[in-house]
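Asks: Have a look at the structure that comes next, please.
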Amino acid sequence: VHESLGKYDEALKCHLEASEITQRALGSNHPEYAACLHSVGSAYDSQGRYKQAMAYYRRALAIDRDTIGCDHPDYAVNLREIAWTLESQGQAKKALIVSSHALNILERVLGPAHPQYALGLFYVASVYESQDNYPKALQFYRAALNSTERALGPKHPEYAKNLHGLGSVFESDGKYLDALRTYQEALAIEQEALGEDHPNCAISHHSIGSAYFSLGMFDEALVSYRSAQRIEKNIHRGDHPEYASTLHSLGSVADAQGKYDDAWRYYTKALNLRERTLGKNHPSYAASLEDIGSVYESQGKYIEALKCLNE
């Protein structure tokens, strides 16, 4: 419940306590203990602490493999979460292999009408999108959307998540008005189902801001980005990759408006946060460096610009 409400610290405490109790009661090689480990991993994942999440997911996967086998839905769900974490760490090729394997298991065991299968389709679509394979991403997002609508209805948060995925592909394909409408539809569902201060709403606010930015509507983009920032700062206390992304986007608006000092300030905050949460080898860290270099170049500070671009 805490996790669904975006209260990730409270969720993590509960999951850790539950895992300790379950381990004492059932031992370290029991499916219920694996489920607890998976929940701990999910809480870390929600906080953007991907290394810790991956460690717990892999422990859960190993127990599931030994106890319930590789054709069980729980094993597939663990694989899928590992794929999601790999993608979040910028390892898209590995993520596609793992998420596709998980999807095949879910289809075989649960069938194409099950919500878990729909979620598996979404994950595969997301990986294709991260590889810029937009036709494949669109194909899987639409399949996920249809499957989710049949299983859960068009007012469910999972349906909104799939709408958001479609909007992201529209945006990447330059169809900014279609993206904006799709993001706004997703946000309306999320606000109704989850409340206006839920992390999913922050993601949709950010995406709406991105669509406005692409349309050159910078004032509207700023309003949406600040809505995302307010929610993320409250939930994550300013220490999450999503918050870094919003800071970077605020910098992009300032940059586009010629406010280079403000842009540099936002980009630098995003860079420091991305280094702390994602590491220097992540593509998002490189993007921050590139944009800081661009600001330096716009200010005529060519030596500083060159240092950033070389790094």
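Chain labels follow the order of the structure tokens: the first chain is A, the next B, and so on; residue numbering restarts at 1 in every chain, and ligands are counted from 1 in their shown order.
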Using only C-alpha atoms, which residues sit within 7 Å of Ala221 in chain A once same-chain residues fewer than 4 positions away are excluded, as an NGL selection string?

Replies: :A and (209-210 or 212-213 or 217 or 225)

Asks: Could the residues in this selection be saved with C-alpha atoms as a short mmCIF file (atom, residue, chain, number, x, y, z; two decimals), in the first residue's frame?

Replies:
data_model
loop_
_atom_site.label_atom_id
_atom_site.label_comp_id
_atom_site.auth_asym_id
_atom_site.auth_seq_id
_atom_site.Cartn_x
_atom_site.Cartn_y
_atom_site.Cartn_z
CA GLY A 209 6.09 19.51 -20.38
CA SER A 210 8.33 17.74 -22.86
CA TYR A 212 4.98 21.51 -24.92
CA PHE A 213 8.73 22.14 -25.13
CA MET A 217 5.47 26.47 -25.92
CA TYR A 225 7.89 20.68 -15.33
#

Asks: Using only C-alpha atoms, which protein or nucleic acid residues come within 9 Å of Tyr44 in chain A? Drop anything in the same chain fewer than 6 positions from it, and give the result as a list in words.

Replies: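 The filter keeps Tyr8, Asp9, Leu12, Tyr50, Lys51, Gln52, Ala53, Met54 and Tyr56 of chain A.
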
Asks: Within 10 Å of Phe170 in chain A, counting only C-alpha atoms, which residues show up once you throw out same-chain ones fewer than 4 positions away? Write them as a count of residues only, please.

Replies: 14

Asks: Write out as an MDAnalysis selection string each polymer residue whose atoms come within 9 Å of Pro283 in chain A, counting only C-alpha atoms; drop sequence neighbours fewer than 5 positions from it.

Replies: chainID A and resid 89:90 288

Asks: Name the residues of range 86-285 of chain A that fall into helix (DSSP H, G or I) according to DSSP on the backbone, using the chain letters and numbers of this document, as a PyMOL selection string.

Replies: chain A and resi 86-88+92-110+115-130+134-152+157-172+176-194+199-214+218-236+241-256+260-277+283-285

Asks: I'd like the contact shell of Ala188 in chain A - 12 Å cut-off, only C-alpha atoms, skipping same-chain residues fewer than 2 positions apart - returned as a PyMOL selection string.

Replies: chain A and resi 154-157+159-161+163-164+181-186+190-196+200-201+204-205+208

Asks: Identify which of the residues A:Ser172, A:Thr85, A:Ser147, A:Gln47 lies closest to Asn133 in chain A, counting only C-alpha atoms when measuring atom-to-atom distances.

Replies: A:Ser172

Asks: So which residues touch Glu311 in chain A within 9 Å, counting only C-alpha atoms, skipping near sequence neighbours fewer than 2 positions away, as a PyMOL selection string?

Replies: chain A and resi 286+289-290+306-309

Asks: Which one of A:Leu61, A:Ala76, A:Val124, A:Leu278 sits closest to Val109 in chain A if you count only C-alpha atoms?

Replies: A:Ala76

Asks: Give me the residues within 12 Å of Pro199 in chain A as number ranges by chain, counting only C-alpha atoms and dropping any in the same chain fewer than 5 places off.

Replies: A: 3-8, 46-47, 157, 161, 187, 190-191, 194, 204-206, 227-236, 240, 242-243

Asks: What does the structure give for the distance between CA of Cys36 in chain A and CA of Tyr75 in chain A, in Å to one decimal?

Replies: 13.3 Å

Asks: Rounded to one decimal in Å, what is the spacing between CA of Leu152 in chain A and CA of Gly41 in chain A?

Replies: 25.3 Å

Asks: How far is it from CA of Cys70 in chain A to CA of Glu129 in chain A, in Å with one decimal?

Replies: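 Between these atoms lies a distance of 27.3 Å.
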